[in-house]
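K.L.:
File target_6.tsv below, TSV, C-alpha atoms (C1' of nucleotides):
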chain	number	residue	atom	x	y	z
A	1	MET	CA	-27.53	-11.78	-13.03
A	2	THR	CA	-30.24	-10.51	-15.28
A	3	ARG	CA	-30.55	-6.81	-15.93
A	4	ALA	CA	-33.57	-6.65	-13.64
A	5	GLN	CA	-31.62	-8.36	-10.88
A	6	ILE	CA	-28.75	-5.90	-11.25
A	7	PHE	CA	-31.16	-2.98	-10.84
A	8	GLU	CA	-32.64	-4.63	-7.76
A	9	PHE	CA	-29.17	-5.25	-6.36
A	10	TYR	CA	-28.21	-1.58	-6.56
A	11	ARG	CA	-31.63	-0.41	-5.42
A	12	ARG	CA	-31.23	-2.33	-2.17
A	13	LEU	CA	-27.70	-1.02	-1.65
A	14	ALA	CA	-28.93	2.52	-2.13
A	15	GLU	CA	-31.70	2.06	0.45
A	16	ALA	CA	-29.51	0.39	3.07
A	17	ASP	CA	-27.93	2.56	5.74
A	18	PRO	CA	-24.19	2.00	5.34
A	19	ALA	CA	-23.32	3.46	8.75
A	20	PRO	CA	-26.12	3.26	11.34
A	21	GLU	CA	-24.01	4.98	13.98
A	22	THR	CA	-23.90	8.12	11.85
A	23	GLU	CA	-27.64	8.20	11.21
A	24	LEU	CA	-28.03	11.77	12.41
A	25	ALA	CA	-25.16	12.97	10.27
A	26	TRP	CA	-26.76	11.44	7.18
A	27	THR	CA	-30.21	12.94	7.74
A	28	ASN	CA	-29.34	16.40	9.09
A	29	PRO	CA	-27.62	18.75	6.63
A	30	TYR	CA	-25.71	20.50	9.40
A	31	THR	CA	-24.33	17.43	11.16
A	32	LEU	CA	-23.55	15.94	7.75
A	33	LEU	CA	-21.56	19.04	6.88
A	34	VAL	CA	-19.65	18.93	10.17
A	35	ALA	CA	-18.96	15.20	9.93
A	36	VAL	CA	-17.55	15.54	6.41
A	37	ALA	CA	-15.52	18.61	7.32
A	38	LEU	CA	-13.96	16.66	10.20
A	39	SER	CA	-13.11	13.64	8.10
A	40	ALA	CA	-9.84	14.73	6.48
A	41	GLN	CA	-6.81	12.72	7.68
A	42	ALA	CA	-9.02	10.85	10.13
A	43	THR	CA	-10.34	7.32	10.02
A	44	ASP	CA	-14.08	6.79	9.60
A	45	ALA	CA	-14.13	4.92	12.92
A	46	GLY	CA	-12.41	7.82	14.66
A	47	VAL	CA	-14.85	10.40	13.32
A	48	ASN	CA	-17.85	8.22	14.16
A	49	LYS	CA	-16.62	7.71	17.71
A	50	ALA	CA	-15.85	11.39	18.26
A	51	THR	CA	-19.09	12.73	16.77
A	52	ARG	CA	-21.60	10.27	18.23
A	53	ALA	CA	-21.69	12.03	21.60
A	54	LEU	CA	-21.24	15.45	20.00
A	55	PHE	CA	-24.25	15.15	17.71
A	56	GLU	CA	-26.49	13.98	20.54
A	57	ARG	CA	-26.22	17.48	22.01
A	58	VAL	CA	-25.26	19.58	19.00
A	59	ASP	CA	-27.32	19.32	15.83
A	60	SER	CA	-27.52	22.97	14.70
A	61	PRO	CA	-25.19	25.93	14.17
A	62	ALA	CA	-26.75	27.71	17.17
A	63	ALA	CA	-26.07	24.73	19.42
A	64	MET	CA	-22.50	24.58	18.12
A	65	LEU	CA	-21.95	28.23	19.06
A	66	ALA	CA	-23.34	27.51	22.51
A	67	LEU	CA	-20.91	24.62	22.89
A	68	GLY	CA	-17.99	26.85	21.92
A	69	GLU	CA	-14.56	26.12	20.51
A	70	GLU	CA	-13.10	24.60	23.68
A	71	GLY	CA	-16.16	22.44	24.17
A	72	LEU	CA	-15.90	21.21	20.60
A	73	LYS	CA	-12.19	20.48	20.97
A	74	ALA	CA	-12.95	18.30	23.96
A	75	HIS	CA	-15.10	16.12	21.69
A	76	ILE	CA	-12.71	15.87	18.75
A	77	LYS	CA	-9.31	15.71	20.48
A	78	THR	CA	-8.81	12.21	19.14
A	79	ILE	CA	-9.01	13.02	15.43
A	80	GLY	CA	-6.44	14.65	13.20
A	81	LEU	CA	-6.14	18.41	12.79
A	82	PHE	CA	-8.62	19.02	15.63
A	83	ASN	CA	-7.31	22.51	16.38
A	84	THR	CA	-7.84	23.87	12.88
A	85	LYS	CA	-11.08	21.96	12.44
A	86	ALA	CA	-12.58	23.22	15.71
A	87	LYS	CA	-11.73	26.81	14.81
A	88	ASN	CA	-13.26	26.42	11.35
A	89	VAL	CA	-16.43	24.67	12.55
A	90	ILE	CA	-17.14	27.42	15.11
A	91	ALA	CA	-16.45	30.18	12.58
A	92	ALA	CA	-18.73	28.43	10.08
A	93	ALA	CA	-21.49	28.10	12.70
A	94	ARG	CA	-21.28	31.83	13.35
A	95	ILE	CA	-21.69	32.59	9.63
A	96	LEU	CA	-24.61	30.17	9.34
A	97	VAL	CA	-26.41	31.84	12.26
A	98	GLU	CA	-25.66	35.41	11.23
A	99	GLN	CA	-26.04	35.15	7.47
A	100	HIS	CA	-28.18	32.08	6.71
A	101	GLY	CA	-30.82	32.01	9.43
A	102	GLY	CA	-29.12	29.16	11.24
A	103	VAL	CA	-29.64	26.65	8.44
A	104	VAL	CA	-27.32	25.08	5.86
A	105	PRO	CA	-27.76	26.85	2.51
A	106	ARG	CA	-28.48	24.86	-0.65
A	107	ASP	CA	-25.93	26.89	-2.57
A	108	ARG	CA	-22.43	25.96	-3.66
A	109	ALA	CA	-20.88	29.41	-3.31
A	110	ALA	CA	-22.39	29.91	0.14
A	111	LEU	CA	-21.18	26.48	1.28
A	112	GLU	CA	-17.65	26.96	-0.04
A	113	ALA	CA	-17.48	30.35	1.67
A	114	LEU	CA	-17.74	28.61	5.05
A	115	PRO	CA	-14.36	28.11	6.79
A	116	GLY	CA	-13.23	24.52	6.47
A	117	VAL	CA	-15.65	23.76	3.65
A	118	GLY	CA	-14.06	23.19	0.25
A	119	ARG	CA	-15.30	21.72	-2.99
A	120	LYS	CA	-15.38	18.11	-1.80
A	121	THR	CA	-17.38	18.80	1.37
A	122	ALA	CA	-19.75	21.11	-0.52
A	123	ASN	CA	-20.38	18.42	-3.13
A	124	VAL	CA	-21.14	15.78	-0.49
A	125	VAL	CA	-23.65	18.08	1.24
A	126	LEU	CA	-25.27	19.17	-2.04
A	127	ASN	CA	-25.69	15.54	-3.10
A	128	ILE	CA	-26.69	13.76	0.11
A	129	ALA	CA	-28.57	16.52	1.94
A	130	PHE	CA	-30.16	18.25	-1.05
A	131	GLY	CA	-30.23	15.66	-3.83
A	132	GLU	CA	-28.17	17.70	-6.30
A	133	GLU	CA	-26.43	15.76	-9.07
A	134	THR	CA	-22.94	16.46	-7.78
A	135	ILE	CA	-20.04	14.09	-7.26
A	136	ALA	CA	-17.29	14.55	-4.70
A	137	VAL	CA	-13.85	14.00	-6.20
A	138	ASP	CA	-11.70	13.03	-3.26
A	139	THR	CA	-8.00	12.24	-3.39
A	140	HIS	CA	-8.67	8.56	-4.12
A	141	ILE	CA	-10.91	9.23	-7.10
A	142	PHE	CA	-8.55	11.92	-8.36
A	143	ARG	CA	-5.53	9.60	-8.15
A	144	VAL	CA	-7.21	6.64	-9.85
A	145	ALA	CA	-8.67	8.84	-12.59
A	146	ASN	CA	-5.25	10.33	-13.29
A	147	ARG	CA	-3.20	7.13	-13.14
A	148	THR	CA	-5.52	5.13	-15.35
A	149	GLY	CA	-6.09	7.92	-17.81
A	150	LEU	CA	-9.85	7.70	-17.25
A	151	ALA	CA	-9.93	11.41	-16.43
A	152	PRO	CA	-6.44	12.91	-16.58
A	153	GLY	CA	-5.54	16.42	-15.56
A	154	LYS	CA	-4.95	18.54	-12.47
A	155	ASP	CA	-8.15	20.57	-12.71
A	156	VAL	CA	-10.64	19.00	-10.28
A	157	ARG	CA	-13.58	20.61	-12.09
A	158	ALA	CA	-12.48	19.06	-15.38
A	159	VAL	CA	-12.01	15.65	-13.74
A	160	GLU	CA	-15.50	15.89	-12.22
A	161	ASP	CA	-17.05	16.84	-15.54
A	162	ARG	CA	-15.31	14.08	-17.46
A	163	LEU	CA	-16.19	11.40	-14.88
A	164	VAL	CA	-19.84	12.40	-15.04
A	165	ARG	CA	-19.77	12.21	-18.83
A	166	VAL	CA	-18.00	8.84	-19.12
A	167	THR	CA	-19.93	7.07	-16.32
A	168	PRO	CA	-23.34	5.81	-17.41
A	169	ALA	CA	-26.46	6.43	-15.35
A	170	PRO	CA	-28.08	5.02	-13.24
A	171	PHE	CA	-25.10	3.56	-11.44
A	172	ARG	CA	-22.95	6.68	-11.49
A	173	ALA	CA	-22.83	6.96	-7.68
A	174	HIS	CA	-21.95	3.28	-7.35
A	175	ALA	CA	-19.17	3.66	-9.89
A	176	HIS	CA	-17.70	6.58	-7.97
A	177	HIS	CA	-17.87	4.70	-4.68
A	178	TRP	CA	-16.03	1.89	-6.42
A	179	LEU	CA	-13.32	4.35	-7.47
A	180	ILE	CA	-12.91	5.46	-3.85
A	181	LEU	CA	-12.58	1.90	-2.55
A	182	HIS	CA	-10.29	0.92	-5.41
A	183	GLY	CA	-8.04	3.89	-4.67
A	184	ARG	CA	-8.05	3.16	-0.95
A	185	TYR	CA	-7.29	-0.56	-1.09
A	186	VAL	CA	-5.70	-1.36	-4.46
A	187	CYS	CA	-4.59	1.75	-6.35
A	188	LYS	CA	-3.04	3.14	-3.17
A	189	ALA	CA	-0.99	6.33	-3.02
A	190	ARG	CA	1.88	4.31	-1.57
A	191	ARG	CA	2.70	0.83	-2.91
A	192	PRO	CA	-0.19	0.39	-5.34
A	193	GLU	CA	-1.03	-3.31	-5.77
A	194	CYS	CA	-1.27	-3.48	-9.54
A	195	TRP	CA	-0.84	-7.26	-9.55
A	196	ARG	CA	-4.35	-7.67	-8.18
A	197	CYS	CA	-5.98	-4.79	-10.08
A	198	PRO	CA	-8.86	-5.88	-12.32
A	199	VAL	CA	-8.21	-3.12	-14.87
A	200	ALA	CA	-4.40	-3.19	-14.94
A	201	ASP	CA	-4.38	-4.14	-18.63
A	202	LEU	CA	-6.43	-1.03	-19.44
A	203	CYS	CA	-4.28	1.27	-17.33
A	204	ARG	CA	-1.43	3.46	-18.48
A	205	PHE	CA	0.12	3.72	-14.99
A	206	LYS	CA	3.20	1.52	-14.65
A	207	PRO	CA	4.84	1.87	-11.20
A	208	LYS	CA	8.39	0.66	-10.68
A	209	THR	CA	7.41	-2.08	-8.21
A	210	PRO	CA	4.28	-3.71	-9.58
A	211	ALA	CA	5.10	-7.23	-8.28
A	212	PRO	CA	3.53	-8.87	-5.23
A	213	PRO	CA	5.56	-9.44	-2.07
A	214	ALA	CA	7.44	-12.74	-2.14
A	215	ALA	CA	5.54	-14.26	0.78
A	216	GLY	CA	1.95	-13.21	0.87
B	1	DA	C1'	10.83	8.01	9.98
B	2	DT	C1'	7.53	9.23	6.52
B	3	DC	C1'	3.13	9.64	4.26
B	4	DC	C1'	-1.76	10.11	4.38
B	5	DC	C1'	-5.66	13.72	3.60
B	6	DG	C1'	-8.72	18.36	2.65
B	7	DA	C1'	-8.62	23.09	3.24
B	8	DG	C1'	-6.37	27.35	3.42
B	9	DG	C1'	-2.67	30.50	3.20
B	10	DG	C1'	1.80	32.32	1.28
C	1	DC	C1'	3.51	25.96	-7.02
C	2	DC	C1'	4.87	25.47	-1.90
C	3	DC	C1'	3.79	24.67	2.99
C	4	DT	C1'	1.03	23.64	7.63
C	5	DC	C1'	-2.05	21.30	10.48
C	6	DT	C1'	-2.58	16.24	13.38
C	7	DG	C1'	-3.39	11.17	14.89
C	8	DG	C1'	-2.99	7.04	12.70
C	9	DA	C1'	-1.08	3.77	9.47
C	10	DT	C1'	2.85	1.66	7.59
Transcribe the structure of this file into C-alpha coordinates.

P.N.:
Amino acid sequence: MTRAQIFEFYRRLAEADPAPETELAWTNPYTLLVAVALSAQATDAGVNKATRALFERVDSPAAMLALGEEGLKAHIKTIGLFNTKAKNVIAAARILVEQHGGVVPRDRAALEALPGVGRKTANVVLNIAFGEETIAVDTHIFRVANRTGLAPGKDVRAVEDRLVRVTPAPFRAHAHHWLILHGRYVCKARRPECWRCPVADLCRFKPKTPAPPAAG
DNA sequence: ATCCCGAGGG
DNA sequence: CCCTCTGGAT
(Lines of atoms letter the chains of each structure in order from A and count residues from 1; the text may use other names and numbers.)
(Lines give C-alpha, C1' and ligand atoms only; values in the text may rest on other atoms or scores of the structure.)
Protein backbone atom coordinates (compact mmCIF):
# COMPACT_ATOMS: atom_id res chain seq x y z
CA MET A 1 0.00 0.00 0.00
CA THR A 2 1.07 3.53 -0.64
CA ARG A 3 1.28 5.97 2.22
CA ALA A 4 -1.92 7.65 1.03
CA GLN A 5 -3.69 4.30 0.97
CA ILE A 6 -2.55 3.52 4.51
CA PHE A 7 -4.00 6.82 5.73
CA GLU A 8 -7.26 6.06 3.94
CA PHE A 9 -7.33 2.57 5.44
CA TYR A 10 -7.10 3.87 8.99
CA ARG A 11 -9.44 6.78 8.31
CA ARG A 12 -12.19 4.35 7.31
CA LEU A 13 -11.57 2.14 10.34
CA ALA A 14 -11.82 5.17 12.61
CA GLU A 15 -15.15 6.21 11.07
CA ALA A 16 -16.71 2.75 11.15
CA ASP A 17 -18.84 1.79 14.14
CA PRO A 18 -17.13 -1.27 15.60
CA ALA A 19 -20.15 -2.28 17.71
CA PRO A 20 -23.51 -1.08 16.38
CA GLU A 21 -25.39 -2.67 19.26
CA THR A 22 -23.61 -0.36 21.70
CA GLU A 23 -24.31 2.79 19.70
CA LEU A 24 -25.85 4.63 22.64
CA ALA A 25 -22.96 3.75 24.90
CA TRP A 26 -20.49 5.19 22.40
CA THR A 27 -22.33 8.48 21.90
CA ASN A 28 -23.57 9.23 25.42
CA PRO A 29 -20.86 9.96 28.00
CA TYR A 30 -22.93 8.51 30.83
CA THR A 31 -23.86 5.21 29.19
CA LEU A 32 -20.28 4.93 27.94
CA LEU A 33 -19.02 5.34 31.49
CA VAL A 34 -21.44 2.72 32.81
CA ALA A 35 -20.68 0.25 30.01
CA VAL A 36 -16.93 0.51 30.61
CA ALA A 37 -17.33 0.28 34.38
CA LEU A 38 -19.33 -2.93 33.92
CA SER A 39 -16.83 -4.51 31.57
CA ALA A 40 -14.28 -5.93 34.02
CA GLN A 41 -14.20 -9.76 34.08
CA ALA A 42 -17.10 -9.86 31.65
CA THR A 43 -17.17 -10.70 27.97
CA ASP A 44 -18.02 -7.95 25.49
CA ALA A 45 -20.99 -10.01 24.31
CA GLY A 46 -22.26 -10.36 27.86
CA VAL A 47 -22.05 -6.64 28.57
CA ASN A 48 -23.70 -5.76 25.27
CA LYS A 49 -26.55 -8.16 25.92
CA ALA A 50 -27.09 -6.97 29.49
CA THR A 51 -26.92 -3.24 28.71
CA ARG A 52 -28.96 -3.10 25.50
CA ALA A 53 -32.28 -3.20 27.35
CA LEU A 54 -30.90 -1.18 30.26
CA PHE A 55 -29.78 1.75 28.13
CA GLU A 56 -33.10 1.92 26.32
CA ARG A 57 -34.66 3.10 29.57
CA VAL A 58 -31.69 4.48 31.47
CA ASP A 59 -29.40 7.00 29.78
CA SER A 60 -28.71 9.48 32.59
CA PRO A 61 -27.65 9.45 36.25
CA ALA A 62 -31.14 10.62 37.29
CA ALA A 63 -32.77 7.74 35.42
CA MET A 64 -30.31 5.33 37.02
CA LEU A 65 -31.29 6.55 40.49
CA ALA A 66 -34.94 6.10 39.58
CA LEU A 67 -34.23 2.53 38.49
CA GLY A 68 -32.49 1.78 41.78
CA GLU A 69 -29.94 -0.80 42.82
CA GLU A 70 -32.27 -3.80 42.70
CA GLY A 71 -33.62 -2.75 39.33
CA LEU A 72 -30.09 -2.43 38.00
CA LYS A 73 -29.10 -5.81 39.39
CA ALA A 74 -31.98 -7.40 37.52
CA HIS A 75 -30.43 -6.14 34.28
CA ILE A 76 -26.83 -7.16 34.97
CA LYS A 77 -27.27 -10.45 36.85
CA THR A 78 -25.57 -12.28 34.01
CA ILE A 79 -22.23 -10.46 34.12
CA GLY A 80 -19.39 -10.84 36.58
CA LEU A 81 -19.20 -8.91 39.85
CA PHE A 82 -22.76 -7.60 39.39
CA ASN A 83 -23.29 -6.99 43.11
CA THR A 84 -20.30 -4.68 43.54
CA LYS A 85 -20.85 -3.06 40.17
CA ALA A 86 -24.53 -2.30 40.84
CA LYS A 87 -23.68 -0.74 44.19
CA ASN A 88 -20.94 1.39 42.62
CA VAL A 89 -23.02 2.51 39.63
CA ILE A 90 -25.88 3.69 41.87
CA ALA A 91 -23.49 5.48 44.24
CA ALA A 92 -21.79 7.14 41.26
CA ALA A 93 -25.17 8.24 39.85
CA ARG A 94 -26.00 9.86 43.17
CA ILE A 95 -22.72 11.81 43.13
CA LEU A 96 -23.27 12.88 39.52
CA VAL A 97 -26.75 14.20 40.33
CA GLU A 98 -25.82 15.87 43.60
CA GLN A 99 -22.40 17.28 42.71
CA HIS A 100 -22.19 17.54 38.91
CA GLY A 101 -25.64 18.65 37.78
CA GLY A 102 -26.51 15.20 36.52
CA VAL A 103 -23.88 15.18 33.79
CA VAL A 104 -20.54 13.39 33.38
CA PRO A 105 -17.69 15.79 34.22
CA ARG A 106 -14.83 16.33 31.78
CA ASP A 107 -12.32 16.08 34.60
CA ARG A 108 -10.02 13.23 35.53
CA ALA A 109 -10.09 13.76 39.29
CA ALA A 110 -13.88 14.06 39.35
CA LEU A 111 -14.25 10.90 37.24
CA GLU A 112 -11.84 8.86 39.35
CA ALA A 113 -13.65 9.98 42.49
CA LEU A 114 -16.76 8.12 41.31
CA PRO A 115 -17.19 4.66 42.90
CA GLY A 116 -16.21 1.96 40.44
CA VAL A 117 -14.34 4.36 38.17
CA GLY A 118 -10.58 3.95 38.12
CA ARG A 119 -7.85 5.20 35.83
CA LYS A 120 -8.71 2.92 32.91
CA THR A 121 -12.41 3.80 32.82
CA ALA A 122 -11.65 7.50 33.27
CA ASN A 123 -9.20 7.41 30.35
CA VAL A 124 -11.73 5.71 28.06
CA VAL A 125 -14.39 8.32 28.88
CA LEU A 126 -11.97 11.24 28.53
CA ASN A 127 -10.84 9.97 25.13
CA ILE A 128 -14.04 8.73 23.50
CA ALA A 129 -16.62 11.06 25.05
CA PHE A 130 -14.50 14.21 25.30
CA GLY A 131 -11.72 13.79 22.74
CA GLU A 132 -8.87 14.12 25.24
CA GLU A 133 -5.52 12.64 24.18
CA THR A 134 -5.58 9.88 26.79
CA ILE A 135 -4.89 6.18 26.39
CA ALA A 136 -6.37 3.45 28.55
CA VAL A 137 -3.74 0.99 29.72
CA ASP A 138 -5.67 -2.18 30.41
CA THR A 139 -4.21 -5.43 31.69
CA HIS A 140 -3.46 -6.65 28.15
CA ILE A 141 -1.50 -3.56 27.16
CA PHE A 142 0.28 -3.52 30.51
CA ARG A 143 1.31 -7.19 30.19
CA VAL A 144 2.55 -6.91 26.61
CA ALA A 145 4.43 -3.69 27.35
CA ASN A 146 6.15 -5.31 30.32
CA ARG A 147 6.97 -8.67 28.73
CA THR A 148 8.40 -7.22 25.56
CA GLY A 149 10.28 -4.45 27.29
CA LEU A 150 8.48 -1.85 25.19
CA ALA A 151 7.39 -0.06 28.36
CA PRO A 152 8.61 -1.91 31.44
CA GLY A 153 7.69 -1.06 35.00
CA LYS A 154 4.83 -1.41 37.47
CA ASP A 155 3.79 2.25 37.46
CA VAL A 156 0.79 2.54 35.11
CA ARG A 157 1.34 6.28 34.68
CA ALA A 158 4.92 5.68 33.57
CA VAL A 159 3.82 2.94 31.15
CA GLU A 160 1.18 5.27 29.70
CA ASP A 161 3.67 8.09 29.26
CA ARG A 162 6.29 5.89 27.63
CA LEU A 163 3.79 4.27 25.23
CA VAL A 164 2.60 7.70 24.12
CA ARG A 165 6.18 8.79 23.53
CA VAL A 166 7.33 5.70 21.60
CA THR A 167 4.20 5.33 19.44
CA PRO A 168 4.14 7.66 16.44
CA ALA A 169 1.08 9.73 15.56
CA PRO A 170 -1.33 9.53 13.78
CA PHE A 171 -1.88 5.83 14.36
CA ARG A 172 -1.34 5.86 18.11
CA ALA A 173 -4.88 4.66 18.88
CA HIS A 174 -4.60 1.89 16.30
CA ALA A 175 -1.29 0.78 17.77
CA HIS A 176 -2.81 0.57 21.24
CA HIS A 177 -5.80 -1.40 19.98
CA TRP A 178 -3.31 -3.76 18.37
CA LEU A 179 -1.60 -4.20 21.74
CA ILE A 180 -4.93 -5.11 23.34
CA LEU A 181 -5.75 -7.71 20.69
CA HIS A 182 -2.20 -9.07 20.72
CA GLY A 183 -2.37 -9.46 24.50
CA ARG A 184 -5.78 -11.08 24.34
CA TYR A 185 -5.10 -13.62 21.60
CA VAL A 186 -1.33 -14.16 21.35
CA CYS A 187 0.57 -12.73 24.32
CA LYS A 188 -1.98 -14.24 26.70
CA ALA A 189 -1.67 -14.16 30.48
CA ARG A 190 -1.88 -17.95 30.48
CA ARG A 191 -0.07 -20.01 27.83
CA PRO A 192 1.25 -17.20 25.63
CA GLU A 193 1.66 -18.41 22.03
CA CYS A 194 5.11 -17.06 21.29
CA TRP A 195 5.57 -19.42 18.35
CA ARG A 196 3.12 -17.37 16.31
CA CYS A 197 4.10 -13.94 17.63
CA PRO A 198 5.30 -11.54 14.92
CA VAL A 199 7.68 -9.73 17.27
CA ALA A 200 9.06 -12.68 19.22
CA ASP A 201 12.60 -11.99 17.97
CA LEU A 202 12.40 -8.46 19.40
CA CYS A 203 10.98 -9.59 22.73
CA ARG A 204 12.87 -10.24 25.93
CA PHE A 205 10.12 -12.46 27.41
CA LYS A 206 11.03 -16.15 27.23
CA PRO A 207 8.34 -18.37 28.82
CA LYS A 208 9.17 -21.95 29.74
CA THR A 209 6.75 -23.49 27.23
CA PRO A 210 7.08 -21.48 24.03
CA ALA A 211 6.43 -24.43 21.68
CA PRO A 212 3.16 -25.11 19.85
CA PRO A 213 0.95 -28.04 20.82
CA ALA A 214 1.93 -31.25 19.04
CA ALA A 215 -1.34 -31.56 17.12
CA GLY A 216 -2.74 -28.23 16.11
C1' DA B 1 -9.89 -26.73 39.75
C1' DT B 2 -7.90 -22.37 38.60
C1' DC B 3 -7.32 -17.99 36.34
C1' DC B 4 -9.16 -13.99 34.16
C1' DC B 5 -10.06 -8.77 35.03
C1' DG B 6 -10.59 -3.58 37.18
C1' DA B 7 -11.49 -1.31 41.28
C1' DG B 8 -11.23 -0.83 46.07
C1' DG B 9 -10.00 -1.93 50.65
C1' DG B 10 -6.80 -3.78 54.31
C1' DC C 1 2.05 -5.78 48.85
C1' DC C 2 -2.23 -8.79 49.78
C1' DC C 3 -7.11 -10.00 49.15
C1' DT C 4 -12.32 -9.96 47.40
C1' DC C 5 -15.86 -9.76 44.15
C1' DT C 6 -18.35 -13.04 39.98
C1' DG C 7 -19.64 -15.63 35.49
C1' DG C 8 -17.12 -17.44 31.96
C1' DA C 9 -13.19 -19.60 29.83
C1' DT C 10 -9.90 -23.17 29.90

K.L.:
Take atom CA of Val34 of chain A and atom CA of Val89 of chain A and report the distance between them in Å, one decimal.

P.N.:
7.0 Å

K.L.:
Sorted by chain and rising residue number, list the residues of chain B at most 10 Å from chain A (counting only C-alpha atoms (C1' of nucleotides)), each with its closest atom pair and distance in Å to one decimal, as CSV.

P.N.:
residue,atom,partner,partner_atom,distance
B:DC3,C1',A:Arg190,CA,8.0
B:DC4,C1',A:Gln41,CA,6.6
B:DC5,C1',A:Gln41,CA,4.4
B:DG6,C1',A:Ala40,CA,5.4
B:DA7,C1',A:Gly116,CA,5.8
B:DG8,C1',A:Gly116,CA,8.0

K.L.:
Between A:Thr51, A:Met64, A:Asp161, A:Arg191, which has the minimum distance to DT10 of chain C (counting all atoms listed in the file)?

P.N.:
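Nearest candidate to DT10 of chain C out of A:Thr51, A:Met64, A:Asp161, A:Arg191: A:Arg191.
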
K.L.:
Hey, could you pull the box centre and edge lengths for chain C, axis-aligned, 5 Å padding per side, all listed atoms, to one decimal in Å, as JSON?

P.N.:
{"center_x": 0.7, "center_y": 13.8, "center_z": 3.9, "size_x": 18.3, "size_y": 34.3, "size_z": 31.9}

K.L.:
Would you compute the distance between atom CA of Arg165 of chain A and atom CA of Ala35 of chain A? Give it in Å to one decimal.

P.N.:
28.9 Å

K.L.:
Which chain C residues are at most 12 Å from chain A (counting all atoms listed in the file), as a list of chain:residue names?

P.N.:
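Within 12 Å of chain A on chain C, we get C:DT4, C:DC5, C:DT6, C:DG7, C:DG8, C:DA9, C:DT10.
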
K.L.:
Kindly give the distance, in Å, that separates atom CA of Ala63 of chain A and atom CA of Gly102 of chain A, rounded to a single decimal.

P.N.:
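Pair atom CA of Ala63 of chain A / atom CA of Gly102 of chain A returns 9.8 Å.
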
K.L.:
Please return, as a PyMOL selection string, all polymer residues that have at least one atom within 10 Å of the point (1.0, 0.7, -9.6); use only C-alpha atoms (C1' of nucleotides) and the file's own coordinate frame.

P.N.:
chain A and resi 147-148+186-195+197+200+203-211

K.L.:
Restricting it to C-alpha atoms, dump the selection as a short mmCIF file (atom, residue, chain, number, x, y, z; two decimals), in the frame of the given file.

P.N.:
data_model
loop_
_atom_site.label_atom_id
_atom_site.label_comp_id
_atom_site.auth_asym_id
_atom_site.auth_seq_id
_atom_site.Cartn_x
_atom_site.Cartn_y
_atom_site.Cartn_z
CA ARG A 147 -3.20 7.13 -13.14
CA THR A 148 -5.52 5.13 -15.35
CA VAL A 186 -5.70 -1.36 -4.46
CA CYS A 187 -4.59 1.75 -6.35
CA LYS A 188 -3.04 3.14 -3.17
CA ALA A 189 -0.99 6.33 -3.02
CA ARG A 190 1.88 4.31 -1.57
CA ARG A 191 2.70 0.83 -2.91
CA PRO A 192 -0.19 0.39 -5.34
CA GLU A 193 -1.03 -3.31 -5.77
CA CYS A 194 -1.27 -3.48 -9.54
CA TRP A 195 -0.84 -7.26 -9.55
CA CYS A 197 -5.98 -4.79 -10.08
CA ALA A 200 -4.40 -3.19 -14.94
CA CYS A 203 -4.28 1.27 -17.33
CA ARG A 204 -1.43 3.46 -18.48
CA PHE A 205 0.12 3.72 -14.99
CA LYS A 206 3.20 1.52 -14.65
CA PRO A 207 4.84 1.87 -11.20
CA LYS A 208 8.39 0.66 -10.68
CA THR A 209 7.41 -2.08 -8.21
CA PRO A 210 4.28 -3.71 -9.58
CA ALA A 211 5.10 -7.23 -8.28
#
